[in-house]
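Engineer: Structure provided below as structure tokens; questions to follow.
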Amino acid sequence: MGAETEYGIHAPSAPGSNATWLSSQVVHAYALVTGERAAGGAEARWDYTDEDPLADARGWSMPRESAHPSQLTDRPDELTAAQIALEGGEPDPDRDPANRDPACGDTASTGNGPLMMNMVLGNGARLYVDHAHPEYSSPEVTNPRDAVAWDAAGDQVALAAVRQIARTPGLPEVSLYKNNTDNKSVSYGSHENYLMPRQVPFGDIVSGLTPFFVTRALICGAGRVGLGQDGAGAGFQLSQRADFFEAEVGLETTIRRPIINTRDEPHATAEKYRRLHVIIGDANLSQISNYLKFGTTSLVLDMIEHGTVPQLHIQNPVLSLRRVSHDTALTGLLTLSDGRRVTALDIQWLYLEAASGHALRSGAGAADGGDGQTHEVLRRWEEVLTQLAAGPAAAARSVEWAAKLSLLQQYRERDSLTWQDPRLALIDLQWSDVRPEKGLYYRLLSRGRLDRLVSDEDIAHAVGHPPDDTRAYFRGRCIQRYGANVIGASWDSVIFELPGQRRLQRVPTREPLRGTRALTGALFDRHAHAADFLSELLDTPR
């Protein structure tokens with residue numbers, strides 16, 4: 001599993017700046033930071049060879065001429081040109097990231113030299129410009145606790161870039177926000193990805209996940225001031241993203257957003273695996289909400305794979321999704337296809353009970369003798385639902401939307417503010433600032449008012465190291481140890497250029513659970529030079 005986070009970006013002193021150019025500055029700034037730590041490590045380009053964003057899990061591909069430009073993620077030249085056009089205005093030849101050097105692929109031309117647009121990081125992650133936002137895509141991990149740690153590492157990457165820009169003469173100061181909307185009708189994504197067996201029928205995924213996703217914001221919504229896509233409606237809601245979804249099932253991610261996304265781009269052995277691309281989640285700073293987001297979704301997918309998921313069908317899922325998000329009292333009723341009327345909490349309890357039974361039968365959820373994290377996810381899931389049943393304030397230490405609502409209510413009571421007061425929207429924005437001296441989330445965390453799961457030391461480790469137990473270890477270690485020889489990489493490949501050799505060497509990494517530290521760690525330790533490393537690697541299947 002893994003996360004993708006597009007950060008909101010703003011330059012207060014230069015409000016007219018092109019957002020794509022600003023985002024490029026963020027990637028370039030972090031390239032300078034990593035260049036100080038590991039020579040060559042910032043220069044690996046992204047390998048787009050195996051990407052196919054128009055393949056649909058329902059068994060067809062969307063014609064390229066019918067696709068929205070934002071879907072063309074396999075052709076960065078087309079995508080960046082589309083971003084410039086969407087932002088308006090004529091490209092500046094000195095600042096336009098569409099003016100790429102074809103030999104580089106992932107750099108933009110500026111008056112001060114090449115500007116990085118895309119990086120493969122030493123922790124196995126990816127940092128790049130996507131839809132005019134800087135995006136951090138975390139490395140593949142095998143459990144929800146690691147998902148929290150390596151996602152939080154992305155926030156530290158974003159912070160390091162902001163700090164670097166602030167000390168660079170001639171650049172406007174940049175603010176980055178881990179949120180999902182500018183409250184002006186624009187939403188940007190926080191996506192999750194889960195590896196699944198290809199053999200699971202996609203229809204089972206849709207029916208099993210839809211009621212869960214419609215109600216999941218209760219435990220992992222990030223909270224938002226304002227109702228509607230433009231935030232003009234007065235009030236507070238559970239989810240940053242809910243009002244932007246318009247379809248039940250579909251391929252798009254930036255228009256006509258669906259509850260269940262059908263992109264069939266496995267980034268792995270396609271005959272064995274599918275990558276379930278989840279676009280409905282909020283960007284979480286709360287570690288407990290993030291943990292439950294990944295942990296509960298993984299359990300529901302396991303139930304789908306084994307045929308034990310609850311058989312529920314909600315009438316009008318898109319409308320129900322918004323109703324759940326707008327219902328801070330948690331008392332609103334949803335209509336099931338069999339006529340029953342239930343609350344979102346009722347549905348979450350049904351999924352929890354089914355997951356507990358499934359885990360007990362498999363042995364994974366036992367307090368002793370299980371896999372540890374399954375038991376912990378079930379325990380925290382039950383704890384949070386019990387707290388929410390007593391009211392949002394009871395869950396304010398762990399559930400992000402409840403914590404934000406509690407803070408906002410304090411301001412409202414102190415200053416007699418209505419929900420339309422613009423000061424509340426500013427507080428909402430400041431919650432998600434990645435700078436700890438500015439971000440309200442970080443202030444509450446430092447004062448012990450929010451629960452945490454991973455330490456600052458865990459997160460710092462995740463910034464500088466890849467996970468041990470997936471192919472991300474191989475990718476990250478290649479960047480760290482042989483960065484000067486790695487000219488390209490992706491989720492399923494690493495490309496080397498060796499001195500004196502005309503041909504590039506592409507190492508496929510299509511098995512996500514190979515290339516681990518156990519399988520390749522000693523090999524890295526034995527060889528200081530890429531040529532020797534590849535010579536032994538290619539002679540020994542791993």
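All residue names refer to the structure tokens as shown: chains lettered A, B, ... in order, residues numbered from 1 in each chain, ligands numbered from 1 in order.
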Quick check for you: according to DSSP on this backbone, which residues of region 265-472 of chain A are classed as helix (DSSP H, G or I)? Reply as an NGL selection string.
Structural biologist: :A and (287-306 or 317-326 or 344-362 or 373-389 or 392-395 or 400-415 or 422-431 or 440-446 or 456-464 or 472)
Engineer: So that I have them on file, write out the residues from the current selection with C-alpha atoms, as a tab-separated table (two decimals), in the first residue's frame.
Structural biologist:
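Contents of again.tsv, freshly written:
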chain	number	residue	atom	x	y	z
A	287	GLN	CA	-1.67	9.82	12.56
A	288	ILE	CA	-4.60	7.85	14.00
A	289	SER	CA	-6.97	8.86	11.18
A	290	ASN	CA	-4.30	8.00	8.63
A	291	TYR	CA	-3.63	4.65	10.31
A	292	LEU	CA	-7.32	3.79	10.31
A	293	LYS	CA	-7.71	4.92	6.71
A	294	PHE	CA	-5.12	2.41	5.52
A	295	GLY	CA	-5.78	-0.29	8.11
A	296	THR	CA	-9.56	-0.50	7.80
A	297	THR	CA	-9.51	-0.31	3.99
A	298	SER	CA	-6.97	-3.15	3.90
A	299	LEU	CA	-9.23	-5.27	6.11
A	300	VAL	CA	-12.27	-4.57	3.93
A	301	LEU	CA	-10.28	-5.55	0.83
A	302	ASP	CA	-9.25	-8.78	2.53
A	303	MET	CA	-12.90	-9.52	3.26
A	304	ILE	CA	-13.77	-8.85	-0.37
A	305	GLU	CA	-11.05	-11.26	-1.49
A	306	HIS	CA	-12.44	-13.98	0.81
A	317	PRO	CA	-24.22	6.65	-2.98
A	318	VAL	CA	-23.02	10.04	-4.30
A	319	LEU	CA	-25.78	11.99	-2.54
A	320	SER	CA	-25.30	9.83	0.57
A	321	LEU	CA	-21.57	10.58	0.58
A	322	ARG	CA	-22.29	14.30	0.81
A	323	ARG	CA	-24.98	13.82	3.43
A	324	VAL	CA	-22.58	11.88	5.62
A	325	SER	CA	-19.93	14.58	5.25
A	326	HIS	CA	-22.39	17.36	6.18
A	344	ALA	CA	-23.25	6.07	8.84
A	345	LEU	CA	-22.08	4.89	12.27
A	346	ASP	CA	-24.33	1.83	11.94
A	347	ILE	CA	-22.66	0.94	8.64
A	348	GLN	CA	-19.18	1.36	10.09
A	349	TRP	CA	-20.14	-0.91	13.01
A	350	LEU	CA	-21.37	-3.55	10.55
A	351	TYR	CA	-18.05	-3.47	8.71
A	352	LEU	CA	-16.09	-3.59	11.98
A	353	GLU	CA	-18.05	-6.59	13.24
A	354	ALA	CA	-17.56	-8.41	9.96
A	355	ALA	CA	-13.83	-7.59	9.93
A	356	SER	CA	-13.44	-8.79	13.54
A	357	GLY	CA	-15.08	-12.10	12.72
A	358	HIS	CA	-13.03	-12.49	9.56
A	359	ALA	CA	-9.78	-11.76	11.39
A	360	LEU	CA	-10.60	-14.19	14.20
A	361	ARG	CA	-11.36	-16.98	11.75
A	362	SER	CA	-8.09	-16.38	9.94
A	373	GLN	CA	-1.34	-4.72	13.46
A	374	THR	CA	-4.64	-6.34	12.49
A	375	HIS	CA	-5.53	-6.58	16.16
A	376	GLU	CA	-4.43	-2.96	16.69
A	377	VAL	CA	-6.48	-1.66	13.74
A	378	LEU	CA	-9.57	-3.48	15.00
A	379	ARG	CA	-9.01	-2.17	18.53
A	380	ARG	CA	-8.60	1.44	17.42
A	381	TRP	CA	-11.49	1.18	14.97
A	382	GLU	CA	-13.81	0.05	17.78
A	383	GLU	CA	-12.44	2.68	20.13
A	384	VAL	CA	-13.03	5.50	17.65
A	385	LEU	CA	-16.57	4.38	16.77
A	386	THR	CA	-17.40	4.18	20.48
A	387	GLN	CA	-16.05	7.70	20.99
A	388	LEU	CA	-17.99	9.06	18.02
A	389	ALA	CA	-21.20	7.51	19.36
A	392	PRO	CA	-17.40	14.31	18.11
A	393	ALA	CA	-15.70	15.93	21.12
A	394	ALA	CA	-14.99	12.49	22.58
A	395	ALA	CA	-12.94	11.59	19.49
A	400	GLU	CA	-8.87	14.64	12.51
A	401	TRP	CA	-12.20	16.24	11.63
A	402	ALA	CA	-13.30	16.02	15.27
A	403	ALA	CA	-10.05	17.63	16.45
A	404	LYS	CA	-10.41	20.45	13.95
A	405	LEU	CA	-14.08	20.97	14.82
A	406	SER	CA	-13.23	21.14	18.53
A	407	LEU	CA	-10.63	23.84	17.87
A	408	LEU	CA	-12.95	25.84	15.64
A	409	GLN	CA	-15.76	25.66	18.21
A	410	GLN	CA	-13.41	27.18	20.79
A	411	TYR	CA	-12.78	30.14	18.49
A	412	ARG	CA	-16.48	30.46	17.70
A	413	GLU	CA	-17.47	30.53	21.35
A	414	ARG	CA	-14.67	32.89	22.37
A	415	ASP	CA	-15.28	35.45	19.60
A	422	PRO	CA	-13.66	34.34	7.08
A	423	ARG	CA	-11.44	33.92	10.14
A	424	LEU	CA	-12.66	30.35	10.50
A	425	ALA	CA	-11.67	29.56	6.92
A	426	LEU	CA	-8.20	30.93	7.66
A	427	ILE	CA	-7.94	28.75	10.76
A	428	ASP	CA	-8.94	25.76	8.61
A	429	LEU	CA	-6.17	26.61	6.16
A	430	GLN	CA	-3.60	27.20	8.88
A	431	TRP	CA	-4.37	23.77	10.34
A	440	LEU	CA	-2.22	24.42	14.00
A	441	TYR	CA	-2.16	20.63	13.79
A	442	TYR	CA	1.49	20.66	14.81
A	443	ARG	CA	0.81	23.06	17.66
A	444	LEU	CA	-1.82	20.75	19.12
A	445	LEU	CA	0.44	17.74	18.61
A	446	SER	CA	3.32	19.43	20.43
A	456	ASP	CA	9.55	12.08	15.14
A	457	GLU	CA	12.51	9.69	15.02
A	458	ASP	CA	10.42	7.15	13.07
A	459	ILE	CA	9.46	9.84	10.57
A	460	ALA	CA	13.03	11.12	10.23
A	461	HIS	CA	14.15	7.55	9.52
A	462	ALA	CA	11.46	7.25	6.82
A	463	VAL	CA	12.70	10.47	5.18
A	464	GLY	CA	16.17	9.03	4.74
A	472	ALA	CA	11.11	0.19	-2.59
Engineer: Tell me which protein, DNA and RNA residues are within 8 Å of Ala147 (chain A), counting only C-alpha atoms, leaving out same-chain ones fewer than 4 positions away, and put them as a PyMOL selection string.
Structural biologist: chain A and resi 1-3+138+141-143+151+291+294
Engineer: Please write the residues from the selection above to a file, keeping N, CA and C atoms, as a JSON list (two decimals), in the first residue's frame.
Structural biologist:
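Final file, selection_21.json:
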[["chain", "number", "residue", "atom", "x", "y", "z"],
["A", 1, "MET", "N", 0.85, -1.19, 0.00],
["A", 1, "MET", "CA", 0.00, 0.00, 0.00],
["A", 1, "MET", "C", 0.88, 1.24, 0.00],
["A", 2, "GLY", "N", 0.29, 2.35, -0.36],
["A", 2, "GLY", "CA", 1.04, 3.60, -0.38],
["A", 2, "GLY", "C", 0.10, 4.78, -0.62],
["A", 3, "ALA", "N", 0.64, 5.99, -0.45],
["A", 3, "ALA", "CA", -0.16, 7.21, -0.56],
["A", 3, "ALA", "C", 0.41, 8.14, -1.61],
["A", 138, "SER", "N", 4.44, 8.16, -1.72],
["A", 138, "SER", "CA", 5.23, 7.40, -0.77],
["A", 138, "SER", "C", 5.65, 6.06, -1.36],
["A", 141, "VAL", "N", 4.66, 0.02, 1.03],
["A", 141, "VAL", "CA", 4.86, -0.58, 2.34],
["A", 141, "VAL", "C", 3.86, -1.73, 2.50],
["A", 142, "THR", "N", 4.05, -2.53, 3.54],
["A", 142, "THR", "CA", 3.23, -3.72, 3.70],
["A", 142, "THR", "C", 2.23, -3.62, 4.84],
["A", 143, "ASN", "N", 2.19, -2.50, 5.57],
["A", 143, "ASN", "CA", 1.30, -2.42, 6.72],
["A", 143, "ASN", "C", 0.93, -0.97, 6.99],
["A", 151, "ASP", "N", 4.23, 8.28, 4.78],
["A", 151, "ASP", "CA", 3.42, 9.41, 4.33],
["A", 151, "ASP", "C", 3.82, 10.67, 5.09],
["A", 291, "TYR", "N", -3.80, 6.08, 10.00],
["A", 291, "TYR", "CA", -3.63, 4.65, 10.31],
["A", 291, "TYR", "C", -4.93, 3.89, 10.06],
["A", 294, "PHE", "N", -5.80, 3.52, 6.19],
["A", 294, "PHE", "CA", -5.12, 2.41, 5.52],
["A", 294, "PHE", "C", -5.49, 1.06, 6.12]]
Engineer: Using backbone DSSP assignments, extract all strand (DSSP E) residues from region 276-416 of chain A; output them as a list in words.
Structural biologist: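 Result set for region 276-416 of chain A (strand (DSSP E)): Leu276, His277, Val278, Leu333, Leu334, Thr335, Arg341, Val342 and Thr343 of chain A.
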Engineer: For a test of reading the model, state the distance in Å between CA of Pro169 (chain A) and CA of Leu22 (chain A), rounded to one decimal.
Structural biologist: 14.7 Å
Engineer: Considering only C-alpha atoms, can you say which of A:Ile314, A:Ala160, A:Ala125, A:Ala283 comes closest to Phe212 (chain A)?
Structural biologist: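 Once distances to Phe212 (chain A) are computed over only C-alpha atoms, the minimum belongs to A:Ile314.
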